[in-house]
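Engineer: Sharing input.tsv, TSV, C-alpha atoms:
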chain	number	residue	atom	x	y	z
P	28	GLY	CA	30.76	32.99	7.42
P	29	GLU	CA	27.81	30.85	6.39
P	30	THR	CA	30.06	28.35	4.61
P	31	ALA	CA	32.29	28.13	7.68
P	32	ARG	CA	29.30	27.52	9.91
P	33	TYR	CA	28.10	24.58	7.81
P	34	ARG	CA	31.65	23.24	7.72
P	35	ASP	CA	31.88	23.48	11.52
P	36	ARG	CA	28.53	21.76	11.87
P	37	ALA	CA	29.72	18.93	9.63
P	38	ALA	CA	32.83	18.52	11.78
P	39	SER	CA	30.67	18.41	14.92
P	40	ILE	CA	28.39	15.74	13.46
P	41	ALA	CA	31.34	13.71	12.18
P	42	GLY	CA	32.92	13.79	15.65
P	43	LEU	CA	29.92	12.30	17.44
P	44	PRO	CA	30.31	8.79	18.85
P	45	VAL	CA	28.10	6.17	17.21
P	46	SER	CA	26.77	2.97	18.70
P	47	ASN	CA	29.09	-0.03	18.62
P	48	LEU	CA	26.13	-2.37	18.11
P	49	ALA	CA	26.32	-4.46	14.98
P	50	GLY	CA	24.81	-7.54	13.40
P	51	ALA	CA	22.26	-9.47	15.43
P	52	GLN	CA	22.88	-7.27	18.48
P	53	LEU	CA	21.86	-4.22	16.46
P	54	ALA	CA	18.72	-6.02	15.28
P	55	ASP	CA	17.79	-6.98	18.86
P	56	TYR	CA	18.30	-3.39	19.99
P	57	LEU	CA	16.13	-1.90	17.25
P	58	VAL	CA	13.36	-4.44	17.83
P	59	ASP	CA	13.34	-3.73	21.58
P	60	ARG	CA	13.34	0.03	20.98
P	61	VAL	CA	10.39	-0.05	18.57
P	62	ARG	CA	8.41	-2.39	20.81
P	63	VAL	CA	8.35	0.22	23.55
P	64	TRP	CA	5.69	1.96	21.41
P	65	ARG	CA	4.53	-0.63	18.85
P	66	ARG	CA	3.86	-4.32	19.46
P	67	TYR	CA	4.89	-5.37	15.98
P	68	ASP	CA	6.39	-8.81	15.47
P	69	ARG	CA	10.15	-9.01	15.02
P	70	ASN	CA	10.10	-9.60	11.27
P	71	THR	CA	7.81	-6.62	10.66
P	72	ILE	CA	10.23	-4.34	12.52
P	73	LEU	CA	13.31	-5.69	10.78
P	74	ASN	CA	11.51	-5.36	7.44
P	75	LEU	CA	11.08	-1.65	8.16
P	76	PHE	CA	14.81	-1.14	8.73
P	77	ILE	CA	15.69	-3.16	5.63
P	78	SER	CA	13.54	-0.78	3.62
P	79	LEU	CA	14.99	2.35	5.23
P	80	THR	CA	18.50	1.05	4.61
P	81	GLN	CA	18.03	-0.01	1.00
P	82	ASN	CA	15.57	2.57	-0.34
P	83	PHE	CA	15.78	6.32	-0.81
P	84	LEU	CA	11.98	6.53	-0.44
P	85	THR	CA	9.80	4.37	1.80
P	86	ILE	CA	6.05	4.95	1.73
P	87	PHE	CA	3.83	4.17	4.73
P	88	ALA	CA	0.30	3.39	3.54
P	89	GLY	CA	-2.77	2.43	5.49
P	90	ASP	CA	-6.03	3.64	6.91
P	91	PRO	CA	-6.12	6.70	9.20
P	92	GLY	CA	-5.15	5.75	12.73
P	93	THR	CA	-2.73	2.96	11.83
P	94	GLY	CA	0.21	4.99	13.16
P	95	LYS	CA	1.96	6.00	9.95
P	96	THR	CA	3.31	9.33	11.19
P	97	SER	CA	4.16	8.05	14.66
P	98	GLY	CA	5.76	4.99	13.06
P	99	ALA	CA	8.22	7.26	11.24
P	100	GLU	CA	8.94	9.14	14.47
P	101	ILE	CA	9.56	5.88	16.33
P	102	ALA	CA	11.95	4.62	13.65
P	103	ALA	CA	13.93	7.86	13.82
P	104	HIS	CA	13.96	7.73	17.62
P	105	ALA	CA	15.20	4.13	17.60
P	106	LEU	CA	18.12	5.22	15.41
P	107	GLY	CA	19.03	8.02	17.83
P	108	LEU	CA	18.21	10.75	15.30
P	109	THR	CA	15.76	12.69	17.52
P	110	THR	CA	18.15	13.20	20.46
P	111	LEU	CA	21.38	13.83	18.60
P	112	ASP	CA	21.54	17.37	20.02
P	113	ARG	CA	21.86	15.88	23.51
P	114	ASN	CA	25.18	14.36	22.45
P	115	LEU	CA	26.63	17.75	21.47
P	116	GLY	CA	28.55	20.11	23.71
P	117	ASP	CA	27.35	23.66	24.39
P	118	ALA	CA	29.76	25.17	21.85
P	119	GLN	CA	28.60	22.73	19.19
P	120	ARG	CA	24.91	23.36	19.89
P	121	SER	CA	25.47	27.08	19.39
P	122	LEU	CA	26.18	26.40	15.71
P	123	TRP	CA	22.44	25.91	15.23
P	124	LYS	CA	19.77	28.57	15.80
P	125	GLU	CA	17.92	26.10	18.00
P	126	PRO	CA	19.85	23.14	19.47
P	127	SER	CA	17.08	20.76	18.41
P	128	ASP	CA	17.74	21.77	14.76
P	129	ALA	CA	20.86	19.60	14.97
P	130	ASN	CA	18.70	16.48	15.10
P	131	ARG	CA	18.50	14.29	12.01
P	132	PHE	CA	14.73	13.78	11.77
P	133	LEU	CA	12.84	16.50	9.92
P	134	PRO	CA	9.03	16.19	9.66
P	135	ILE	CA	7.50	18.13	6.76
P	136	SER	CA	3.74	18.62	6.52
P	137	VAL	CA	2.79	18.55	2.84
P	138	GLU	CA	0.04	20.97	1.87
P	139	ARG	CA	-2.54	20.83	-0.87
P	140	GLY	CA	-1.55	22.85	-3.93
P	141	TRP	CA	2.19	22.19	-3.96
P	142	THR	CA	3.26	22.16	-7.61
P	143	SER	CA	7.06	22.42	-7.54
P	144	LYS	CA	10.11	22.39	-5.31
P	145	ARG	CA	9.46	26.07	-4.64
P	146	ASP	CA	6.61	24.95	-2.37
P	147	PHE	CA	8.70	22.22	-0.77
P	148	LEU	CA	12.09	23.91	-0.39
P	149	GLY	CA	11.62	27.55	-1.38
P	150	PHE	CA	13.31	29.72	-3.98
P	151	PHE	CA	16.02	32.30	-4.43
P	152	ASN	CA	14.52	35.77	-4.61
P	153	THR	CA	16.77	37.60	-7.08
P	154	LEU	CA	15.21	40.99	-6.30
P	155	ALA	CA	15.80	40.66	-2.56
P	156	GLY	CA	19.06	38.74	-3.03
P	157	ARG	CA	18.14	36.04	-0.54
P	158	PHE	CA	16.67	32.55	-0.34
P	159	GLU	CA	13.04	32.41	0.79
P	160	SER	CA	11.60	29.20	2.16
P	161	PRO	CA	8.33	28.13	3.79
P	162	ASP	CA	10.54	26.51	6.45
P	163	ILE	CA	14.20	27.47	6.44
P	164	ARG	CA	15.08	24.19	8.19
P	165	ARG	CA	14.50	22.36	4.91
P	166	SER	CA	16.94	24.32	2.78
P	167	ASP	CA	19.28	24.49	5.78
P	168	ALA	CA	19.25	20.68	5.97
P	169	PHE	CA	20.41	20.34	2.36
P	170	ARG	CA	23.17	22.87	2.82
P	171	GLN	CA	24.25	20.92	5.90
P	172	LEU	CA	24.20	17.59	4.03
P	173	ASP	CA	26.18	19.17	1.22
P	174	ALA	CA	28.86	20.32	3.69
P	175	GLU	CA	29.05	16.82	5.14
P	176	ALA	CA	29.37	15.26	1.70
P	177	LYS	CA	32.20	17.63	0.80
P	178	ALA	CA	33.90	16.71	4.08
P	179	GLY	CA	33.65	13.04	3.11
P	180	PHE	CA	31.24	12.18	5.91
P	181	ASP	CA	27.88	10.47	5.42
P	182	ASP	CA	27.70	7.93	8.24
P	183	ILE	CA	24.88	9.35	10.39
P	184	PRO	CA	21.45	8.94	8.76
P	185	PHE	CA	19.23	11.93	8.05
P	186	LEU	CA	15.53	11.06	7.83
P	187	MET	CA	12.94	13.41	6.29
P	188	LEU	CA	9.23	12.71	6.75
P	189	LEU	CA	6.80	13.87	4.06
P	190	ASP	CA	3.60	13.72	6.07
P	191	GLU	CA	0.38	13.40	4.04
P	192	ALA	CA	2.67	13.29	1.01
P	193	ASN	CA	-0.05	12.79	-1.60
P	194	LEU	CA	-2.12	15.84	-0.67
P	195	SER	CA	-0.23	17.22	-3.69
P	196	PRO	CA	1.34	15.27	-6.60
P	197	MET	CA	4.70	13.99	-5.35
P	198	GLU	CA	6.20	13.79	-8.82
P	199	PHE	CA	5.82	17.59	-9.04
P	200	TYR	CA	7.22	18.94	-5.78
P	201	TRP	CA	9.63	16.00	-5.27
P	202	ALA	CA	10.73	15.85	-8.92
P	203	ASP	CA	14.38	16.70	-8.30
P	204	PHE	CA	14.73	13.68	-6.03
P	205	MET	CA	13.21	11.22	-8.49
P	206	ASN	CA	16.43	11.38	-10.49
P	207	VAL	CA	18.62	10.39	-7.54
P	208	ALA	CA	16.31	7.76	-6.05
P	209	ASP	CA	18.19	4.78	-7.48
P	210	SER	CA	21.63	5.54	-6.09
P	211	ARG	CA	23.70	8.42	-4.84
P	212	THR	CA	27.01	9.24	-6.53
P	213	SER	CA	29.38	12.19	-6.49
P	214	LEU	CA	27.24	13.64	-9.27
P	215	SER	CA	23.93	13.37	-7.35
P	216	SER	CA	22.82	16.87	-6.51
P	217	ILE	CA	19.90	19.27	-6.44
P	218	SER	CA	19.58	23.01	-6.95
P	219	LEU	CA	17.78	25.28	-4.52
P	220	GLY	CA	17.41	27.89	-7.25
P	221	ASP	CA	20.38	29.95	-6.12
P	222	GLY	CA	22.74	28.78	-8.86
P	223	ALA	CA	24.58	26.34	-6.59
P	224	ARG	CA	24.38	22.54	-6.59
P	225	TYR	CA	23.97	20.66	-3.33
P	226	ALA	CA	25.06	17.04	-2.92
P	227	VAL	CA	22.49	14.40	-1.98
P	228	PRO	CA	24.52	11.92	0.11
P	229	GLU	CA	23.76	8.30	0.96
P	230	SER	CA	22.86	9.32	4.51
P	231	LEU	CA	19.58	10.94	3.37
P	232	ARG	CA	16.35	8.92	3.40
P	233	PHE	CA	12.70	9.91	2.95
P	234	ILE	CA	9.57	8.42	4.50
P	235	ALA	CA	6.25	9.46	2.97
P	236	THR	CA	2.91	8.83	4.65
P	237	ILE	CA	-0.11	8.64	2.37
P	238	ASN	CA	-3.87	8.26	2.59
P	239	ASN	CA	-6.21	7.10	-0.13
P	240	ASP	CA	-9.42	9.06	-0.41
P	241	PHE	CA	-11.02	11.78	-2.54
P	242	THR	CA	-8.80	14.46	-0.92
P	243	THR	CA	-5.51	12.98	-2.13
P	244	GLU	CA	-3.56	12.58	-5.37
P	245	THR	CA	-2.79	9.26	-7.05
P	246	LEU	CA	0.85	8.15	-6.97
P	247	SER	CA	2.34	7.91	-10.45
P	248	PRO	CA	3.75	4.58	-11.74
P	249	ARG	CA	7.13	6.33	-12.11
P	250	LEU	CA	7.15	7.16	-8.40
P	251	ILE	CA	5.89	3.75	-7.27
P	252	ASP	CA	8.67	2.13	-9.29
P	253	ARG	CA	11.22	3.95	-7.13
P	254	ALA	CA	9.65	3.34	-3.73
P	255	THR	CA	8.84	0.59	-1.29
P	256	VAL	CA	5.25	0.69	-0.01
P	257	ILE	CA	4.77	-0.64	3.52
P	258	THR	CA	1.25	-1.17	4.79
P	259	LEU	CA	1.52	-0.88	8.55
P	260	PRO	CA	-0.39	-3.38	10.71
P	261	ALA	CA	-3.47	-2.16	12.56
P	262	PRO	CA	-2.85	-1.26	16.22
P	263	ASP	CA	-2.99	-4.11	18.71
P	264	ARG	CA	-6.39	-3.77	20.37
P	265	SER	CA	-5.03	-5.07	23.67
P	266	SER	CA	-2.82	-1.98	23.89
P	267	LEU	CA	-5.47	0.63	23.08
P	268	ALA	CA	-6.64	0.92	26.70
P	269	ASN	CA	-3.12	1.85	27.81
P	270	VAL	CA	-1.55	5.28	27.66
P	271	GLU	CA	1.08	5.21	24.94
P	272	PRO	CA	4.48	6.33	26.26
P	273	SER	CA	5.86	9.52	24.74
P	274	LEU	CA	9.24	9.73	23.07
P	275	ASP	CA	12.00	10.53	25.56
P	276	LEU	CA	13.67	13.52	23.89
P	277	ASP	CA	15.63	14.64	26.95
P	278	THR	CA	17.88	11.58	27.20
P	279	PRO	CA	20.57	11.04	24.55
P	280	HIS	CA	20.13	7.69	22.86
P	281	PRO	CA	22.78	5.72	20.92
P	282	ILE	CA	23.28	6.91	17.36
P	283	VAL	CA	23.08	4.06	14.86
P	284	SER	CA	25.45	4.63	11.96
P	285	ARG	CA	24.57	4.19	8.31
P	286	SER	CA	27.49	1.81	7.88
P	287	ALA	CA	26.15	-0.46	10.65
P	288	LEU	CA	22.70	-0.49	9.04
P	289	GLN	CA	24.20	-1.19	5.63
P	290	ALA	CA	26.36	-4.03	6.93
P	291	TYR	CA	23.39	-5.90	8.40
P	292	PHE	CA	20.36	-4.78	6.37
P	293	GLY	CA	22.05	-3.94	3.08
P	294	ASN	CA	22.96	-6.03	0.06
P	295	ARG	CA	23.41	-9.79	0.45
P	296	PRO	CA	24.14	-12.47	-2.15
P	297	VAL	CA	20.93	-13.35	-3.98
P	298	THR	CA	20.36	-17.09	-3.69
P	299	GLU	CA	18.75	-19.21	-6.36
P	300	ASN	CA	15.77	-19.85	-4.03
P	301	VAL	CA	15.12	-16.13	-3.73
P	302	ARG	CA	15.48	-15.59	-7.45
P	303	ALA	CA	13.22	-18.51	-8.41
P	304	ALA	CA	10.41	-17.56	-6.01
P	305	LEU	CA	10.35	-13.90	-7.03
P	306	ASP	CA	10.72	-14.61	-10.74
P	307	GLU	CA	7.61	-16.78	-10.54
P	308	ALA	CA	5.70	-13.92	-8.92
P	309	VAL	CA	6.91	-11.48	-11.57
P	310	ASP	CA	5.84	-13.86	-14.34
P	311	VAL	CA	2.33	-14.12	-12.89
P	312	MET	CA	2.16	-10.35	-12.42
P	313	THR	CA	3.03	-9.72	-16.05
P	314	GLY	CA	-0.09	-11.73	-16.87
P	315	THR	CA	-2.07	-8.68	-15.76
P	316	GLY	CA	-0.39	-6.68	-18.50
P	317	CYS	CA	1.73	-4.82	-15.97
P	318	ALA	CA	5.30	-4.14	-17.04
P	319	VAL	CA	7.68	-4.94	-14.18
P	320	SER	CA	10.87	-2.93	-14.54
P	321	ALA	CA	14.39	-4.20	-13.99
P	322	ARG	CA	14.61	-1.60	-11.20
P	323	THR	CA	11.72	-3.26	-9.35
P	324	ILE	CA	13.09	-6.78	-9.83
P	325	ARG	CA	16.54	-5.80	-8.54
P	326	ALA	CA	14.95	-4.10	-5.51
P	327	MET	CA	12.89	-7.22	-4.77
P	328	TYR	CA	15.99	-9.43	-4.99
P	329	ARG	CA	17.92	-7.15	-2.61
P	330	HIS	CA	15.10	-6.90	-0.08
P	331	ALA	CA	14.38	-10.63	-0.04
P	332	ALA	CA	18.05	-11.59	0.16
P	333	ALA	CA	18.53	-9.37	3.22
P	334	GLY	CA	15.29	-10.55	4.83
P	335	ALA	CA	16.09	-14.23	4.33
P	336	ALA	CA	19.33	-13.65	6.26
P	337	VAL	CA	17.86	-11.72	9.23
P	338	PHE	CA	14.24	-12.81	9.71
P	339	GLU	CA	13.18	-15.48	12.18
P	340	THR	CA	11.02	-18.54	11.55
P	341	LYS	CA	7.55	-17.61	12.78
P	342	ASP	CA	4.07	-19.11	12.45
P	343	GLY	CA	5.64	-22.05	10.65
P	344	ARG	CA	6.97	-19.78	7.90
P	345	SER	CA	10.67	-19.76	7.09
P	346	PRO	CA	12.79	-16.60	6.84
P	347	LEU	CA	12.81	-17.06	3.05
P	348	CYS	CA	9.01	-17.22	3.00
P	349	TRP	CA	8.71	-14.03	5.05
P	350	ALA	CA	11.32	-12.28	2.92
P	351	CYS	CA	9.68	-13.06	-0.42
P	352	ASP	CA	6.27	-12.17	0.98
P	353	PHE	CA	7.43	-8.70	2.05
P	354	ALA	CA	9.22	-8.15	-1.27
P	355	VAL	CA	6.12	-9.04	-3.32
P	356	ALA	CA	3.68	-7.12	-1.10
P	357	GLN	CA	5.79	-3.96	-1.02
P	358	LYS	CA	7.36	-3.78	-4.49
P	359	LEU	CA	5.14	-5.75	-6.85
P	360	LEU	CA	1.53	-5.46	-5.65
P	361	PRO	CA	1.53	-1.62	-5.45
P	362	LYS	CA	1.66	-1.68	-9.26
P	363	ILE	CA	-1.84	-3.21	-9.46
P	364	ASN	CA	-4.21	-0.88	-11.31
P	365	GLY	CA	-6.55	-2.28	-13.95
P	366	SER	CA	-10.06	-3.41	-14.73
P	367	GLY	CA	-12.04	-6.13	-16.41
P	368	GLU	CA	-12.55	-9.86	-16.09
P	369	ALA	CA	-9.20	-10.79	-17.63
P	370	TYR	CA	-7.39	-8.54	-15.18
P	371	ARG	CA	-9.32	-10.12	-12.32
P	372	SER	CA	-8.37	-13.62	-13.49
P	373	ALA	CA	-4.69	-12.65	-13.47
P	374	LEU	CA	-5.03	-11.29	-9.93
P	375	GLU	CA	-6.70	-14.54	-8.89
P	376	ALA	CA	-3.70	-16.43	-10.25
P	377	MET	CA	-1.43	-14.19	-8.19
P	378	ARG	CA	-3.55	-14.78	-5.08
P	379	GLU	CA	-3.40	-18.54	-5.62
P	380	LEU	CA	0.38	-18.36	-5.89
P	381	ALA	CA	0.57	-16.29	-2.68
P	382	GLU	CA	-1.59	-18.80	-0.82
P	383	GLU	CA	0.43	-21.73	-2.16
P	384	ARG	CA	3.69	-20.06	-1.08
P	385	ARG	CA	2.18	-18.99	2.27
P	386	TRP	CA	2.83	-15.33	1.52
P	387	THR	CA	0.26	-14.17	4.07
P	388	ASN	CA	0.72	-10.42	3.65
P	389	SER	CA	0.49	-10.64	-0.13
P	390	SER	CA	-2.50	-12.98	-0.02
P	391	ARG	CA	-4.35	-10.67	2.37
P	392	THR	CA	-3.59	-7.64	0.20
P	393	LEU	CA	-4.78	-9.38	-2.96
P	394	GLU	CA	-7.99	-10.48	-1.23
P	395	ARG	CA	-8.64	-6.86	-0.24
P	396	ILE	CA	-8.01	-5.64	-3.80
P	397	LEU	CA	-10.29	-8.28	-5.30
P	398	THR	CA	-13.11	-7.69	-2.83
P	399	ARG	CA	-12.99	-3.93	-3.23
P	400	GLY	CA	-12.71	-4.19	-7.01
P	401	ASP	CA	-15.71	-6.52	-7.25
P	402	ALA	CA	-17.74	-3.90	-5.39
P	403	ASN	CA	-16.38	-1.14	-7.61
P	404	MET	CA	-17.54	-2.31	-11.04
P	405	GLY	CA	-14.46	-4.43	-11.70
P	406	ASP	CA	-11.88	-1.71	-11.11
P	407	TYR	CA	-8.91	-3.25	-9.26
P	408	ALA	CA	-6.21	-1.11	-7.67
P	409	PHE	CA	-3.73	-1.35	-4.82
P	410	PHE	CA	-4.32	2.25	-3.73
Will you turn the file into structure tokens for me?
Structural biologist:
Amino acid sequence: GETARYRDRAASIAGLPVSNLAGAQLADYLVDRVRVWRRYDRNTILNLFISLTQNFLTIFAGDPGTGKTSGAEIAAHALGLTTLDRNLGDAQRSLWKEPSDANRFLPISVERGWTSKRDFLGFFNTLAGRFESPDIRRSDAFRQLDAEAKAGFDDIPFLMLLDEANLSPMEFYWADFMNVADSRTSLSSISLGDGARYAVPESLRFIATINNDFTTETLSPRLIDRATVITLPAPDRSSLANVEPSLDLDTPHPIVSRSALQAYFGNRPVTENVRAALDEAVDVMTGTGCAVSARTIRAMYRHAAAGAAVFETKDGRSPLCWACDFAVAQKLLPKINGSGEAYRSALEAMRELAEERRWTNSSRTLERILTRGDANMGDYAFF
């Protein structure tokens, strides 16, 4: 009966109509939707959806109050993932314990002390003969995704939010997903501890929000290598006096398909201009003694190639300039973690390159790292 229920759910999800928006029209729609709640510039918004499309894990970093958690909620809402239940009929909704459980955005509050997937997903209690979970919606979601994968359907995104993700070491409780972060295949799967394997389809994406203070854990280099780190802009002060509109969860919104996102924000041909600019940045970065993996370089190429094709010219900076800036700031600079005068000199060389190339985000980040490191006995780190 349980298997049939998941199969019926998969059929219901697969039968939902998706938005016919594509290309530049899709980009315009997403920008307008996000700007209802956040006055980000167009390129910043499109950069977010490039990352969500291309990366299994996107990390939102920044000071408290910069809207990391709400930013994830807004992205999911813009994609139609928070009102999917409103598109279902009564019979279809009855397949879920609560109709809202059919939605494709699942926020998960990480707690201090998580050490394994037992804390994140739960475990199979062999004595009781049942699966026990801190929140059954999590294990239920993976069984649902598995049923969809077996039905050959993975076109509606599923977004999980790991809120305050580094209150516990991510590489411990999220370890099973580290191995499938690069790409999903028919062999990509996880175990919930019940002896079965559950597929991890392309439709699944994670957003993790993190803070950096004495209460949190440091992200491992292995994890950083598999993620894109987005530092969200500070809130627009002109909007702080206004009451922020709440998400409209009663009205069904268009569902944006994974295939539409992939077609516009996914892989593009990597031009020689993209390759040359990013290779120069990687060469300077290796001067710090940091090893830049092939995985990181490929991810930078992909991100910049997509950005150069969809960004607008703004503040006198070309789409290529914006694209390379985001790629460096989000994939390369998070690796910074070292000390000493020689390390500082290498970071200065990187900052000079960023200023010469007009990579404003990267230049600003490097200035912050240098200033903070100078005040911290020459210890320089991104986080």
Engineer: Just the number, please: distance in Å from CA of Ser389 in chain P to CA of Ala331 in chain P, one decimal.
Structural biologist: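 Going from CA of Ser389 in chain P over to CA of Ala331 in chain P, I get 13.9 Å.
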Engineer: Identify, on the basis of all atoms listed in the file, every residue whose closest approach to Lys144 in chain P does not exceed 12 Å; exclude the query and any residue fewer than 2 positions from it along the same chain; express the result as an mmCIF file with C-alpha atoms, keeping the file's coordinate frame.
Structural biologist:
data_model
loop_
_atom_site.group_PDB
_atom_site.id
_atom_site.type_symbol
_atom_site.label_atom_id
_atom_site.label_comp_id
_atom_site.auth_asym_id
_atom_site.auth_seq_id
_atom_site.Cartn_x
_atom_site.Cartn_y
_atom_site.Cartn_z
ATOM 1 C CA VAL P 137 2.790 18.550 2.840
ATOM 2 C CA GLY P 140 -1.550 22.850 -3.930
ATOM 3 C CA TRP P 141 2.190 22.190 -3.960
ATOM 4 C CA THR P 142 3.260 22.160 -7.610
ATOM 5 C CA ASP P 146 6.610 24.950 -2.370
ATOM 6 C CA PHE P 147 8.700 22.220 -0.770
ATOM 7 C CA LEU P 148 12.090 23.910 -0.390
ATOM 8 C CA GLY P 149 11.620 27.550 -1.380
ATOM 9 C CA PHE P 150 13.310 29.720 -3.980
ATOM 10 C CA PHE P 151 16.020 32.300 -4.430
ATOM 11 C CA SER P 160 11.600 29.200 2.160
ATOM 12 C CA PRO P 161 8.330 28.130 3.790
ATOM 13 C CA ARG P 165 14.500 22.360 4.910
ATOM 14 C CA SER P 166 16.940 24.320 2.780
ATOM 15 C CA SER P 195 -0.230 17.220 -3.690
ATOM 16 C CA PRO P 196 1.340 15.270 -6.600
ATOM 17 C CA MET P 197 4.700 13.990 -5.350
ATOM 18 C CA GLU P 198 6.200 13.790 -8.820
ATOM 19 C CA PHE P 199 5.820 17.590 -9.040
ATOM 20 C CA TYR P 200 7.220 18.940 -5.780
ATOM 21 C CA TRP P 201 9.630 16.000 -5.270
ATOM 22 C CA ALA P 202 10.730 15.850 -8.920
ATOM 23 C CA ASP P 203 14.380 16.700 -8.300
ATOM 24 C CA PHE P 204 14.730 13.680 -6.030
ATOM 25 C CA ILE P 217 19.900 19.270 -6.440
ATOM 26 C CA SER P 218 19.580 23.010 -6.950
ATOM 27 C CA LEU P 219 17.780 25.280 -4.520
ATOM 28 C CA GLY P 220 17.410 27.890 -7.250
#
Engineer: List as an MDAnalysis selection string the protein and nucleic acid residues near Lys358 in chain P, meaning an atom at most 7 Å away when all atoms listed in the file are counted, but skip any in the same chain fewer than 4 places from it.
Structural biologist: chainID P and resid 255:256 323 327 354
Engineer: Residues proximal to (-1.0, 0.9, 8.0) were defined as those with any atom within 7 Å of that point in the file's coordinates, counting only C-alpha atoms. Which are they, as a ChimeraX atom specification?
Structural biologist: /P:87-90,93-95,258-261
Engineer: Using all atoms listed in the file, which residues sit within 6 Å of range 277-291 of chain P once same-chain residues fewer than 4 positions away are excluded, as a list in words?
Structural biologist: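 Answer for this query is Val45, Ser46, Ala49, Gly50, Leu106, Gly107, Thr110, Arg113, Asp182, Ile183 and Pro184 of chain P.
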Engineer: Given the choices P:Trp123, P:Phe180, P:Phe169, P:Phe76, which gets closest to Ile40 in chain P if the distance is worked out from all atoms listed in the file?
Structural biologist: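 The shortest atom-to-atom distance to Ile40 in chain P comes from P:Phe180.
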Engineer: What does the distance between CA of Ser345 in chain P and CA of Trp64 in chain P come to in Å, to one decimal place?
Structural biologist: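 For CA of Ser345 in chain P relative to CA of Trp64 in chain P, the distance reads 26.5 Å.
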Engineer: Measuring between all atoms listed in the file, which one of P:Arg62, P:Arg253, P:Arg371, P:Lys124 shows the shortest distance to His104 in chain P?
Structural biologist: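 Among the listed residues, P:Arg62 lies closest to His104 in chain P.
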Engineer: In Å, rounded to a single decimal, give me how far CA of Thr398 in chain P is from CA of Glu379 in chain P.
Structural biologist: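 Separation between CA of Glu379 in chain P and CA of Thr398 in chain P: 14.8 Å.
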Engineer: Would you pick out the contacts of Asn300 in chain P at 10 Å or less, using only C-alpha atoms, so that residues sharing its chain but fewer than 4 positions from it are not included, and give the list as a PyMOL selection string?
Structural biologist: chain P and resi 304-306+332+347+351
Engineer: Which centre and which edge lengths, in Å to one decimal, describe the axis-aligned box that holds all listed atoms of range 93-103 of chain P after 8 Å is added on each side, as lines of an AutoDock Vina configuration file?
Structural biologist:
center_x = 5.6
center_y = 6.1
center_z = 13.1
size_x = 32.7
size_y = 22.4
size_z = 22.4
Engineer: If we count all atoms listed in the file, what is near Gly42 in chain P at a cut-off of 12 Å, once residues fewer than 6 positions away on the same chain are taken out, given as a PyMOL selection string?
Structural biologist: chain P and resi 35-36+111+114-116+119+175+178+180-183+282
Engineer: Counting only C-alpha atoms, note down every residue that has an atom within 6 Å of the point (9.5, -8.2, 6.5) (file coordinates), as a PyMOL selection string.
Structural biologist: chain P and resi 70-71+74+350+353
Engineer: Nearest to Arg211 in chain P among P:Met312, P:Val227, P:Leu274, P:Leu122, with distances taken over only C-alpha atoms: which residue is it?
Structural biologist: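 Between P:Met312, P:Val227, P:Leu274, P:Leu122, the residue approaching Arg211 in chain P most closely is P:Val227.
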Engineer: Counting all atoms listed in the file, figure out which residue out of P:Pro134, P:Gly405, P:Gly179, P:Gly334 gets nearest to Thr236 in chain P.
Structural biologist: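 Closest to Thr236 in chain P, using all atoms listed in the file: P:Pro134.
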Engineer: With distances taken over only C-alpha atoms, which of P:Ala356, P:Ala335, P:Ile135, P:Cys317 is nearest to Arg302 in chain P?
Structural biologist: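 Checking each of P:Ala356, P:Ala335, P:Ile135, P:Cys317 against Arg302 in chain P, counting only C-alpha atoms, the winner is P:Ala335.
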Engineer: Kindly add N, CA, C and O atoms to the incomplete range 402-408 of chain P and provide the output as an mmCIF file, in the coordinates of the input.
Structural biologist:
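The resulting out_39.cif:
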data_model
loop_
_atom_site.group_PDB
_atom_site.id
_atom_site.type_symbol
_atom_site.label_atom_id
_atom_site.label_comp_id
_atom_site.auth_asym_id
_atom_site.auth_seq_id
_atom_site.Cartn_x
_atom_site.Cartn_y
_atom_site.Cartn_z
ATOM 1 N N ALA P 402 -16.682 -4.832 -5.809
ATOM 2 C CA ALA P 402 -17.740 -3.900 -5.390
ATOM 3 C C ALA P 402 -17.641 -2.564 -6.109
ATOM 4 O O ALA P 402 -18.507 -1.699 -5.920
ATOM 5 N N ASN P 403 -16.612 -2.411 -6.927
ATOM 6 C CA ASN P 403 -16.380 -1.140 -7.610
ATOM 7 C C ASN P 403 -16.380 -1.322 -9.123
ATOM 8 O O ASN P 403 -15.510 -0.794 -9.829
ATOM 9 N N MET P 404 -17.321 -2.112 -9.599
ATOM 10 C CA MET P 404 -17.540 -2.310 -11.040
ATOM 11 C C MET P 404 -16.325 -2.857 -11.755
ATOM 12 O O MET P 404 -15.998 -2.482 -12.871
ATOM 13 N N GLY P 405 -15.578 -3.756 -11.064
ATOM 14 C CA GLY P 405 -14.460 -4.430 -11.700
ATOM 15 C C GLY P 405 -13.224 -3.579 -11.879
ATOM 16 O O GLY P 405 -12.422 -3.851 -12.780
ATOM 17 N N ASP P 406 -13.052 -2.578 -11.044
ATOM 18 C CA ASP P 406 -11.880 -1.710 -11.110
ATOM 19 C C ASP P 406 -10.953 -2.102 -9.960
ATOM 20 O O ASP P 406 -11.283 -1.855 -8.791
ATOM 21 N N TYR P 407 -9.785 -2.668 -10.277
ATOM 22 C CA TYR P 407 -8.910 -3.250 -9.260
ATOM 23 C C TYR P 407 -7.639 -2.406 -9.132
ATOM 24 O O TYR P 407 -6.933 -2.170 -10.111
ATOM 25 N N ALA P 408 -7.374 -1.968 -7.897
ATOM 26 C CA ALA P 408 -6.210 -1.110 -7.670
ATOM 27 C C ALA P 408 -5.678 -1.330 -6.265
ATOM 28 O O ALA P 408 -6.438 -1.586 -5.327
#
